[in-house]
file query_37.pdb (PDB, C-alpha atoms)
MODEL        1
ATOM      1  CA  MET A 139      39.001 101.772 106.710
ATOM      2  CA  ARG A 140      38.645 105.492 107.299
ATOM      3  CA  LEU A 141      41.776 107.624 106.912
ATOM      4  CA  ILE A 142      42.493 110.510 109.270
ATOM      5  CA  ASN A 143      45.157 113.207 109.476
ATOM      6  CA  LYS A 144      48.048 113.424 111.899
ATOM      7  CA  LEU A 145      50.719 116.078 112.244
ATOM      8  CA  VAL A 146      54.082 114.626 111.300
ATOM      9  CA  ASP A 147      56.906 117.144 111.573
ATOM     10  CA  GLY A 148      54.306 119.904 111.824
ATOM     11  CA  ARG A 149      52.505 118.896 108.638
ATOM     12  CA  PRO A 150      49.452 116.667 108.046
ATOM     13  CA  ALA A 151      50.068 113.093 106.982
ATOM     14  CA  ARG A 152      47.615 110.365 106.109
ATOM     15  CA  ARG A 153      47.361 107.732 108.771
ATOM     16  CA  TYR A 154      44.980 104.944 109.735
ATOM     17  CA  ASN A 155      42.602 105.306 112.638
ATOM     18  CA  ARG A 156      43.717 102.141 114.426
ATOM     19  CA  ILE A 157      46.954 103.928 115.436
ATOM     20  CA  LYS A 158      45.812 106.495 117.966
ATOM     21  CA  HIS A 159      48.088 109.485 118.550
ATOM     22  CA  ASN A 160      48.206 110.926 122.051
ATOM     23  CA  PRO A 161      51.044 113.386 122.763
ATOM     24  CA  ILE A 162      50.500 113.104 126.535
ATOM     25  CA  LYS A 163      50.900 109.310 126.450
ATOM     26  CA  LYS A 164      53.888 109.739 124.167
ATOM     27  CA  TRP A 165      55.635 111.849 126.837
ATOM     28  CA  GLU A 166      54.795 109.162 129.411
ATOM     29  CA  ARG A 167      56.272 106.427 127.228
ATOM     30  CA  SER A 168      59.480 108.403 126.784
ATOM     31  CA  VAL A 169      60.065 109.134 130.501
ATOM     32  CA  LYS A 170      63.799 109.270 131.123
ATOM     33  CA  VAL A 171      65.861 107.422 133.704
ATOM     34  CA  THR A 172      66.778 110.421 135.825
ATOM     35  CA  GLN A 173      64.978 113.043 137.913
ATOM     36  CA  LEU A 174      64.576 116.755 137.231
ATOM     37  CA  ILE A 175      62.558 119.185 139.348
ATOM     38  CA  GLY A 176      61.721 122.859 138.933
ATOM     39  CA  ALA A 177      59.653 124.921 141.396
ATOM     40  CA  LEU A 178      58.669 128.593 141.571
ATOM     41  CA  CYS A 179      58.860 130.489 144.847
ATOM     42  CA  GLU A 180      58.784 133.932 146.509
ATOM     43  CA  GLY A 181      55.594 134.888 144.691
ATOM     44  CA  ARG A 182      56.848 133.527 141.361
ATOM     45  CA  THR A 183      59.907 135.791 141.363
ATOM     46  CA  LYS A 184      62.479 133.006 141.813
ATOM     47  CA  VAL A 185      62.857 129.402 140.702
ATOM     48  CA  VAL A 186      64.539 126.429 142.376
ATOM     49  CA  LEU A 187      65.961 123.680 140.153
ATOM     50  CA  ILE A 188      67.158 120.220 141.235
ATOM     51  CA  SER A 189      68.703 117.299 139.355
ATOM     52  CA  ASP A 190      70.439 114.015 140.001
ATOM     53  CA  ARG A 191      73.688 113.044 138.252
ATOM     54  CA  MET A 192      72.912 109.507 137.137
ATOM     55  CA  VAL A 193      73.757 108.396 133.615
ATOM     56  CA  THR A 194      72.111 105.079 132.720
ATOM     57  CA  ALA A 195      72.207 102.856 129.653
ATOM     58  CA  ALA A 196      68.880 102.352 127.895
ATOM     59  CA  ASP A 197      68.811  98.671 128.951
ATOM     60  CA  PHE A 198      69.831  99.443 132.578
ATOM     61  CA  THR A 199      73.040  97.402 132.213
ATOM     62  CA  LEU A 200      75.198 100.416 133.109
ATOM     63  CA  GLY A 201      74.667 103.330 135.453
ATOM     64  CA  PHE A 202      77.023 105.753 137.143
ATOM     65  CA  GLU A 203      77.146 109.255 138.636
ATOM     66  CA  HIS A 204      78.304 111.829 136.098
ATOM     67  CA  GLU A 205      78.518 115.634 135.881
ATOM     68  CA  PRO A 206      75.798 118.164 136.799
ATOM     69  CA  LYS A 207      73.028 118.089 134.186
ATOM     70  CA  PHE A 208      72.564 121.791 133.573
ATOM     71  CA  THR A 209      73.281 124.304 130.820
ATOM     72  CA  MET A 210      73.197 128.097 131.068
ATOM     73  CA  MET A 211      71.204 129.608 128.224
ATOM     74  CA  SER A 212      71.580 133.128 129.620
ATOM     75  CA  PRO A 213      72.508 134.734 132.951
ATOM     76  CA  PHE A 214      68.856 134.254 133.969
ATOM     77  CA  ALA A 215      67.950 130.895 132.385
ATOM     78  CA  LEU A 216      69.093 127.353 133.173
ATOM     79  CA  VAL A 217      68.218 124.119 131.384
ATOM     80  CA  LEU A 218      68.220 120.711 133.094
ATOM     81  CA  SER A 219      68.666 117.722 130.755
ATOM     82  CA  ALA A 220      67.406 114.151 130.868
ATOM     83  CA  GLY A 221      67.780 111.344 128.378
ATOM     84  CA  THR A 222      70.338 110.942 125.624
ATOM     85  CA  ILE A 223      73.746 112.599 125.954
ATOM     86  CA  HIS A 224      74.412 112.260 122.217
ATOM     87  CA  GLU A 225      72.762 115.504 121.116
ATOM     88  CA  PRO A 226      74.924 118.303 122.593
ATOM     89  CA  GLU A 227      74.308 120.420 119.483
ATOM     90  CA  LEU A 228      70.616 120.660 120.377
ATOM     91  CA  LEU A 229      71.159 123.187 123.162
ATOM     92  CA  GLU A 230      74.114 124.743 121.324
ATOM     93  CA  ASP A 231      71.910 125.451 118.302
ATOM     94  CA  ALA A 232      69.136 126.786 120.522
ATOM     95  CA  SER A 233      71.565 129.091 122.301
ATOM     96  CA  ALA A 234      72.909 130.353 118.978
ATOM     97  CA  ASN A 235      69.369 131.114 117.797
ATOM     98  CA  ILE A 236      68.678 133.481 120.690
ATOM     99  CA  THR A 237      72.118 135.097 120.696
ATOM    100  CA  GLY A 238      71.935 138.682 119.510
ATOM    101  CA  VAL A 239      68.366 139.300 120.684
ATOM    102  CA  GLY A 240      69.498 140.715 124.023
ATOM    103  CA  ILE A 241      68.289 138.828 127.072
ATOM    104  CA  ALA A 242      65.734 136.419 125.612
ATOM    105  CA  SER A 243      62.455 135.889 127.424
ATOM    106  CA  MET A 244      61.848 132.469 128.950
ATOM    107  CA  ARG A 245      59.221 131.743 126.323
ATOM    108  CA  GLN A 246      61.691 132.609 123.540
ATOM    109  CA  THR A 247      64.229 130.286 125.167
ATOM    110  CA  ALA A 248      61.726 127.422 125.372
ATOM    111  CA  GLU A 249      60.605 127.985 121.778
ATOM    112  CA  SER A 250      64.214 128.022 120.563
ATOM    113  CA  ILE A 251      64.985 124.703 122.275
ATOM    114  CA  SER A 252      61.773 123.188 120.897
ATOM    115  CA  GLU A 253      62.620 124.350 117.368
ATOM    116  CA  SER A 254      66.119 122.923 117.611
ATOM    117  CA  TYR A 255      64.656 119.670 118.981
ATOM    118  CA  ARG A 256      62.270 119.347 116.028
ATOM    119  CA  LYS A 257      64.958 120.060 113.437
ATOM    120  CA  ILE A 258      67.336 117.450 114.836
ATOM    121  CA  ARG A 259      64.541 114.928 115.283
ATOM    122  CA  LYS A 260      63.362 115.482 111.708
ATOM    123  CA  LYS A 261      66.868 114.859 110.344
ATOM    124  CA  ARG A 262      67.256 111.737 112.462
ATOM    125  CA  VAL A 263      63.882 110.363 111.316
ATOM    126  CA  GLU A 264      64.805 110.993 107.675
ATOM    127  CA  ASP A 265      68.197 109.281 108.077
ATOM    128  CA  GLU A 266      67.142 106.349 110.256
ATOM    129  CA  ILE A 267      63.551 105.611 109.164
ATOM    130  CA  LEU A 268      62.579 107.108 105.822
ATOM    131  CA  SER A 269      65.858 106.189 104.136
ATOM    132  CA  CYS A 270      65.175 102.515 104.945
ATOM    133  CA  TYR A 271      62.148 102.715 102.644
ATOM    134  CA  GLY A 272      63.998 104.473  99.847
ATOM    135  CA  LEU A 273      62.662 107.891 100.841
ATOM    136  CA  SER A 274      65.062 110.822 101.025
ATOM    137  CA  SER A 275      62.991 113.264 103.102
ATOM    138  CA  PHE A 276      59.567 114.062 104.528
ATOM    139  CA  ASP A 277      58.749 115.924 101.306
ATOM    140  CA  ASP A 278      59.575 112.766  99.361
ATOM    141  CA  PHE A 279      57.361 110.758 101.719
ATOM    142  CA  TYR A 280      54.415 113.158 101.336
ATOM    143  CA  GLN A 281      54.688 113.041  97.524
ATOM    144  CA  LYS A 282      54.864 109.231  97.334
ATOM    145  CA  GLN A 283      52.579 108.341 100.226
ATOM    146  CA  ARG A 284      49.546 107.602  98.064
ATOM    147  CA  LEU A 285      51.659 105.294  95.900
ATOM    148  CA  LEU A 286      52.906 103.219  98.830
ATOM    149  CA  HIS A 287      51.224 100.028  99.955
ATOM    150  CA  GLU A 288      48.931 100.301 102.996
ATOM    151  CA  ASP A 289      51.192  98.113 105.141
ATOM    152  CA  THR A 290      54.247 100.182 104.206
ATOM    153  CA  ASN A 291      52.455 103.388 105.155
ATOM    154  CA  MET A 292      51.431 101.824 108.449
ATOM    155  CA  ARG A 293      54.973 100.705 109.260
ATOM    156  CA  ILE A 294      56.494 104.100 108.425
ATOM    157  CA  LEU A 295      53.948 106.018 110.475
ATOM    158  CA  ASN A 296      54.280 103.601 113.371
ATOM    159  CA  ASP A 297      58.082 103.930 113.312
ATOM    160  CA  ILE A 298      57.792 107.732 113.353
ATOM    161  CA  GLU A 299      55.244 107.565 116.179
ATOM    162  CA  ASN A 300      57.525 105.416 118.330
ATOM    163  CA  TYR A 301      60.674 107.396 117.596
ATOM    164  CA  GLY A 302      60.961 108.892 121.048
ATOM    165  CA  SER A 303      63.296 106.769 123.149
ATOM    166  CA  PRO A 304      66.967 105.734 122.895
ATOM    167  CA  GLU A 305      66.123 102.023 122.774
ATOM    168  CA  ASN A 306      64.103 102.723 119.609
ATOM    169  CA  GLY A 307      66.933 104.787 118.152
ATOM    170  CA  GLY A 308      65.114 107.996 119.075
ATOM    171  CA  LEU A 309      66.291 111.359 120.268
ATOM    172  CA  GLY A 310      65.313 110.473 123.808
ATOM    173  CA  ALA A 311      65.677 113.864 125.475
ATOM    174  CA  GLN A 312      63.622 115.918 127.907
ATOM    175  CA  PHE A 313      64.368 119.294 129.461
ATOM    176  CA  ILE A 314      63.217 121.550 132.264
ATOM    177  CA  VAL A 315      63.804 125.220 131.523
ATOM    178  CA  GLY A 316      63.756 127.542 134.514
ATOM    179  CA  GLY A 317      64.541 131.227 134.744
ATOM    180  CA  VAL A 318      63.422 134.786 135.301
ATOM    181  CA  ASP A 319      62.380 137.557 132.915
ATOM    182  CA  HIS A 320      60.705 140.871 133.672
ATOM    183  CA  LYS A 321      60.903 140.053 137.398
ATOM    184  CA  LYS A 322      58.766 136.907 136.906
ATOM    185  CA  ALA A 323      60.010 133.325 137.191
ATOM    186  CA  HIS A 324      58.958 130.605 134.759
ATOM    187  CA  VAL A 325      59.204 126.817 134.424
ATOM    188  CA  TYR A 326      58.835 124.988 131.110
ATOM    189  CA  ALA A 327      59.098 121.307 130.195
ATOM    190  CA  ILE A 328      60.230 120.196 126.739
ATOM    191  CA  GLY A 329      59.959 116.674 125.348
ATOM    192  CA  ASP A 330      59.390 114.512 122.312
ATOM    193  CA  PRO A 331      58.587 115.376 119.546
ATOM    194  CA  GLY A 332      59.841 118.890 120.337
ATOM    195  CA  THR A 333      56.928 120.508 122.155
ATOM    196  CA  TYR A 334      57.045 122.697 125.247
ATOM    197  CA  ARG A 335      54.581 123.236 128.081
ATOM    198  CA  SER A 336      54.423 125.934 130.727
ATOM    199  CA  TYR A 337      54.079 124.931 134.380
ATOM    200  CA  ASP A 338      53.799 128.504 135.669
ATOM    201  CA  SER A 339      50.217 128.025 136.813
ATOM    202  CA  LEU A 340      50.927 124.831 138.775
ATOM    203  CA  GLY A 341      54.199 126.262 140.032
ATOM    204  CA  TYR A 342      56.345 123.148 139.794
ATOM    205  CA  CYS A 343      57.354 120.438 137.351
ATOM    206  CA  CYS A 344      58.833 116.949 137.823
ATOM    207  CA  LEU A 345      60.366 115.051 134.899
ATOM    208  CA  GLY A 346      61.904 111.610 135.091
ATOM    209  CA  ILE A 347      61.295 108.033 136.077
ATOM    210  CA  GLY A 348      60.792 108.953 139.744
ATOM    211  CA  SER A 349      58.123 111.607 139.176
ATOM    212  CA  ARG A 350      55.276 109.490 140.529
ATOM    213  CA  HIS A 351      57.178 109.377 143.830
ATOM    214  CA  ALA A 352      58.280 113.026 143.738
ATOM    215  CA  GLU A 353      54.984 114.748 142.963
ATOM    216  CA  PRO A 354      53.100 113.563 146.102
ATOM    217  CA  VAL A 355      55.732 115.345 148.226
ATOM    218  CA  PHE A 356      54.603 118.697 146.814
ATOM    219  CA  ALA A 357      51.004 117.775 147.651
ATOM    220  CA  PHE A 358      51.923 116.634 151.178
ATOM    221  CA  PHE A 359      53.607 119.935 152.024
ATOM    222  CA  GLN A 360      50.791 121.872 150.288
ATOM    223  CA  PHE A 361      53.269 123.574 148.005
ATOM    224  CA  LYS A 362      52.471 127.072 146.740
ATOM    225  CA  PRO A 363      54.604 129.399 144.565
ATOM    226  CA  SER A 364      54.369 131.960 147.384
ATOM    227  CA  LEU A 365      56.626 129.910 149.675
ATOM    228  CA  LYS A 366      60.088 131.131 150.610
ATOM    229  CA  VAL A 367      63.203 129.896 148.822
ATOM    230  CA  SER A 368      64.325 127.845 151.834
ATOM    231  CA  GLU A 369      60.946 126.098 152.097
ATOM    232  CA  THR A 370      60.740 125.405 148.366
ATOM    233  CA  LEU A 371      64.300 124.059 148.279
ATOM    234  CA  GLN A 372      63.537 121.641 151.117
ATOM    235  CA  ILE A 373      60.330 120.415 149.454
ATOM    236  CA  ALA A 374      62.080 119.957 146.099
ATOM    237  CA  TYR A 375      64.981 118.143 147.789
ATOM    238  CA  ALA A 376      62.606 115.824 149.671
ATOM    239  CA  ALA A 377      60.797 115.141 146.387
ATOM    240  CA  LYS A 378      64.072 114.239 144.700
ATOM    241  CA  LYS A 379      64.992 111.913 147.573
ATOM    242  CA  ARG A 380      61.636 110.176 147.291
ATOM    243  CA  ALA A 381      62.218 109.846 143.543
ATOM    244  CA  GLU A 382      65.275 107.727 144.326
ATOM    245  CA  MET A 383      62.834 104.900 145.091
ATOM    246  CA  ALA A 384      62.638 104.465 141.318
ATOM    247  CA  GLY A 385      65.497 102.648 139.644
ATOM    248  CA  GLY A 386      67.843 104.847 137.665
ATOM    249  CA  VAL A 387      67.665 107.975 139.853
ATOM    250  CA  GLY A 388      71.095 108.850 141.234
ATOM    251  CA  LYS A 389      71.910 109.563 144.876
ATOM    252  CA  GLU A 390      73.974 112.673 144.106
ATOM    253  CA  THR A 391      72.022 115.926 143.990
ATOM    254  CA  ASP A 392      72.674 119.328 142.436
ATOM    255  CA  ALA A 393      70.524 122.398 143.041
ATOM    256  CA  TRP A 394      70.302 125.943 141.675
ATOM    257  CA  ILE A 395      68.346 129.132 142.272
ATOM    258  CA  VAL A 396      67.580 131.689 139.547
ATOM    259  CA  THR A 397      66.564 135.212 140.525
ATOM    260  CA  GLU A 398      66.318 138.570 138.786
ATOM    261  CA  GLU A 399      69.936 139.167 139.882
ATOM    262  CA  GLY A 400      71.266 136.029 138.191
ATOM    263  CA  SER A 401      71.796 132.265 138.583
ATOM    264  CA  TYR A 402      73.282 130.632 141.649
ATOM    265  CA  GLU A 403      74.484 127.130 142.482
ATOM    266  CA  ILE A 404      73.600 125.752 145.918
ATOM    267  CA  THR A 405      76.853 124.886 147.673
ATOM    268  CA  ARG A 406      77.766 121.339 148.645
ATOM    269  CA  GLU A 407      77.700 122.418 152.291
ATOM    270  CA  THR A 408      74.011 123.284 152.034
ATOM    271  CA  ILE A 409      73.227 120.068 150.128
ATOM    272  CA  ASP A 410      74.963 118.059 152.879
ATOM    273  CA  LYS A 411      72.855 119.823 155.514
ATOM    274  CA  LEU A 412      69.682 118.965 153.600
ATOM    275  CA  GLU A 413      70.821 115.353 153.333
ATOM    276  CA  ASP A 414      71.555 115.086 157.053
ATOM    277  CA  PHE A 415      68.176 116.588 157.914
ATOM    278  CA  TYR A 416      66.384 114.250 155.510
ATOM    279  CA  GLN A 417      68.202 111.135 156.771
ATOM    280  CA  LYS A 418      67.012 111.913 160.296
ATOM    281  CA  LYS A 419      63.513 111.394 158.864
ATOM    282  CA  GLU A 420      62.550 114.896 159.941
ATOM    283  CA  GLY A 421      62.634 116.115 156.343
ATOM    284  CA  VAL A 422      59.943 113.616 155.414
ATOM    285  CA  SER A 423      57.231 115.219 157.537
ATOM    286  CA  GLN A 424      58.375 118.749 158.379
ATOM    287  CA  LEU A 425      60.525 121.618 157.149
ATOM    288  CA  TRP A 426      63.617 123.070 158.759
ATOM    289  CA  PRO A 427      62.729 126.697 159.613
ATOM    290  CA  GLY A 428      66.313 127.773 160.312
ATOM    291  CA  LEU A 429      67.956 126.473 157.134
ATOM    292  CA  GLU A 430      70.740 128.756 155.916
ATOM    293  CA  ILE A 431      71.291 128.559 152.167
ATOM    294  CA  LYS A 432      74.767 129.207 150.806
ATOM    295  CA  THR A 433      75.217 129.801 147.087
ATOM    296  CA  ARG A 434      77.877 130.431 144.471
ATOM    297  CA  ARG A 435      77.067 132.777 141.613
ATOM    298  CA  LEU A 436      77.297 131.263 138.144
ATOM    299  CA  MET A 437      79.088 133.299 135.506
ATOM    300  CA  TYR A 438      77.510 133.204 132.075
ATOM    301  CA  PRO A 439      80.243 131.952 129.652
ATOM    302  CA  PRO A 440      80.298 134.968 127.256
ATOM    303  CA  LYS A 441      80.614 137.387 130.162
ATOM    304  CA  GLN A 442      83.299 135.234 131.749
ATOM    305  CA  ALA A 443      85.193 135.094 128.452
ATOM    306  CA  ALA A 444      84.967 138.884 128.102
ATOM    307  CA  ILE A 445      86.383 139.339 131.595
ATOM    308  CA  THR A 446      89.220 136.946 130.795
ATOM    309  CA  LYS A 447      90.107 138.889 127.650
ATOM    310  CA  LYS A 448      90.039 142.173 129.551
ATOM    311  CA  GLU A 449      92.328 140.753 132.212
ATOM    312  CA  ALA A 450      94.674 139.493 129.488
ATOM    313  CA  ARG A 451      94.874 142.959 127.905
ATOM    314  CA  VAL A 452      95.624 144.534 131.292
ATOM    315  CA  THR A 453      98.389 141.986 131.872
ATOM    316  CA  GLN A 454      99.877 142.676 128.453
ATOM    317  CA  ARG A 455      99.889 146.435 129.111
ATOM    318  CA  LYS A 456     101.631 145.905 132.462
ATOM    319  CA  LYS A 457     104.296 143.760 130.816
ATOM    320  CA  ALA A 458     104.788 146.358 128.079
ATOM    321  CA  THR A 459     105.211 149.082 130.721
ATOM    322  CA  HIS A 460     107.859 147.109 132.564
TER     323      HIS A 460
ENDMDL
END
call {"tool": "encode", "arguments": {"input": "query_37.pdb", "output": "structure tokens"}}
result
Amino acid sequence: MRLINKLVDGRPARRYNRIKHNPIKKWERSVKVTQLIGALCEGRTKVVLISDRMVTAADFTLGFEHEPKFTMMSPFALVLSAGTIHEPELLEDASANITGVGIASMRQTAESISESYRKIRKKRVEDEILSCYGLSSFDDFYQKQRLLHEDTNMRILNDIENYGSPENGGLGAQFIVGGVDHKKAHVYAIGDPGTYRSYDSLGYCCLGIGSRHAEPVFAFFQFKPSLKVSETLQIAYAAKKRAEMAGGVGKETDAWIVTEEGSYEITRETIDKLEDFYQKKEGVSQLWPGLEIKTRRLMYPPKQAAITKKEARVTQRKKATH
């Protein structure tokens, strides 16, 4: 049987040709029970992001509405999360990696998240798979691979290949990264095994179990990145509502807009208006030309903390004066 090479943790490993590696199919197998949507608008100068709030057990025995699934990586970059909720350090590590470089570009942000993803995944594979075969690390595996029996090699490589979903003990996480740099908006998708893809050319991205229902909505409305924010928001909202046809997509909806001025949360009042319009079935076939969007500006945590400290110093000085 002919042996071929495969990249495992970024390095070539011997593997047998009857196990075919396809990263696209791997993403499809690890689709998460939620729905995330990102869409560019206003000539690719702004980005609209939408997410549900559903948290679901891997075996579908438990599901409930939770908190908004977003993280601010910078004043101009938001990350929507799908999949496991057991890896909070992934985004924390990625944020720490780009701290101190000024305002990171969207590509730098996506690369940082991907790097953090790969590091955590590598450690988990070493602890949960390689250790079961008496191997301490990938380096140990590469050194001893030729000494291992064929069946053992096959099992190890197959376990690594399938390590991409919570039910298999995998990392089970996917992200949409949306934001603006240099007056241009960007949308990236990040998934197992820690790779990122740009959707700037297409202009939108749908991740989650309801994507096959959501994507045709963009085609129906002939979506283009040149559309206005209000039009793009309505299309993305309709796509999310259609995605609810799939099990595991929550009814609650959160939405954000990122511009060159900063990041904004769409108010509940506006979301309720979109819901009312959609429930009248008008939102399925046409857009609401007079939609008024109300937003609330999001404060980036470090800036907010700095303001709080400044206010505290002012208060202390006032007390000292009195």
call {"tool": "atom_distance", "arguments": {"input": "query_37.pdb", "atom1": "atom CA of A:Ala384", "atom2": "atom CA of A:Gln417"}}
result
17.7 Å
call {"tool": "atom_distance", "arguments": {"input": "query_37.pdb", "atom1": "atom CA of A:Pro213", "atom2": "atom CA of A:Glu399"}}
result
8.6 Å
call {"tool": "residues_near_point", "arguments": {"input": "query_37.pdb", "point": "(69.8, 118.9, 130.4)", "cutoff": "10 Å", "atoms": "all atoms listed in the file", "output": "JSON, numbers by chain"}}
result
{"A": [174, 189, 206, 207, 208, 209, 210, 216, 217, 218, 219, 220, 221, 222, 223, 226, 229, 311, 312, 313, 314, 315]}
call {"tool": "resolve_selection", "arguments": {"input": "query_37.pdb", "expression": "the PyMOL selection byres ((chain A and resi 430-436) around 8)", "output": "PDB file with C-alpha atoms, in the frame of the given file"}}
result
ATOM      1  CA  PRO A 213      72.508 134.734 132.951  1.00  0.00           C
ATOM      2  CA  SER A 368      64.325 127.845 151.834  1.00  0.00           C
ATOM      3  CA  GLY A 400      71.266 136.029 138.191  1.00  0.00           C
ATOM      4  CA  SER A 401      71.796 132.265 138.583  1.00  0.00           C
ATOM      5  CA  TYR A 402      73.282 130.632 141.649  1.00  0.00           C
ATOM      6  CA  GLU A 403      74.484 127.130 142.482  1.00  0.00           C
ATOM      7  CA  ILE A 404      73.600 125.752 145.918  1.00  0.00           C
ATOM      8  CA  THR A 405      76.853 124.886 147.673  1.00  0.00           C
ATOM      9  CA  GLU A 407      77.700 122.418 152.291  1.00  0.00           C
ATOM     10  CA  THR A 408      74.011 123.284 152.034  1.00  0.00           C
ATOM     11  CA  GLY A 428      66.313 127.773 160.312  1.00  0.00           C
ATOM     12  CA  LEU A 429      67.956 126.473 157.134  1.00  0.00           C
ATOM     13  CA  MET A 437      79.088 133.299 135.506  1.00  0.00           C
ATOM     14  CA  TYR A 438      77.510 133.204 132.075  1.00  0.00           C
TER      15      TYR A 438
END
call {"tool": "atom_distance", "arguments": {"input": "query_37.pdb", "atom1": "atom CA of A:Leu178", "atom2": "atom CA of A:Asp330"}}
result
23.9 Å
call {"tool": "resolve_selection", "arguments": {"input": "query_37.pdb", "expression": "the PyMOL selection byres ((chain A and resi 263-272) around 9)", "output": "list in words"}}
result
Ile258, Arg259, Lys260, Lys261, Arg262, Leu273, Ser274, Ser275, Phe276, Phe279, Thr290, Ile294, Asp297, Ile298, Tyr301, Gly307 and Gly308 of chain A
call {"tool": "resolve_selection", "arguments": {"input": "query_37.pdb", "expression": "the PyMOL selection byres ((chain A and resi 333) around 12)", "output": "MDAnalysis selection string"}}
result
chainID A and resid 147:148 161:162 164:165 248:257 259 311:314 326:332 334:336
call {"tool": "residues_near_point", "arguments": {"input": "query_37.pdb", "point": "(67.8, 127.5, 142.0)", "cutoff": "10 Å", "atoms": "only C-alpha atoms", "output": "PyMOL selection string"}}
result
chain A and resi 176-179+184-188+216+316-317+367+370-371+392-397+400-404+433
call {"tool": "residues_around", "arguments": {"input": "query_37.pdb", "residues": "stretch 357-362 of chain A", "least_positions_apart": "5", "cutoff": "10 Å", "atoms": "only C-alpha atoms", "output": "list of chain:residue names"}}
result
A:Ala177, A:Leu178, A:Cys179, A:Glu180, A:Gly181, A:Arg182, A:Leu340, A:Gly341, A:Tyr342, A:Ala352, A:Glu369, A:Thr370, A:Ile373, A:Ala374, A:Val422, A:Ser423, A:Gln424, A:Leu425
call {"tool": "closest_residue", "arguments": {"input": "query_37.pdb", "among": "A:Pro427, A:Pro363, A:Gly346, A:Gly310", "to": "A:Lys322", "atoms": "all atoms listed in the file"}}
result
A:Pro363
call {"tool": "closest_residue", "arguments": {"input": "query_37.pdb", "among": "A:Arg380, A:Cys343, A:Gln283, A:Ala232", "to": "A:Leu295", "atoms": "all atoms listed in the file"}}
result
A:Gln283
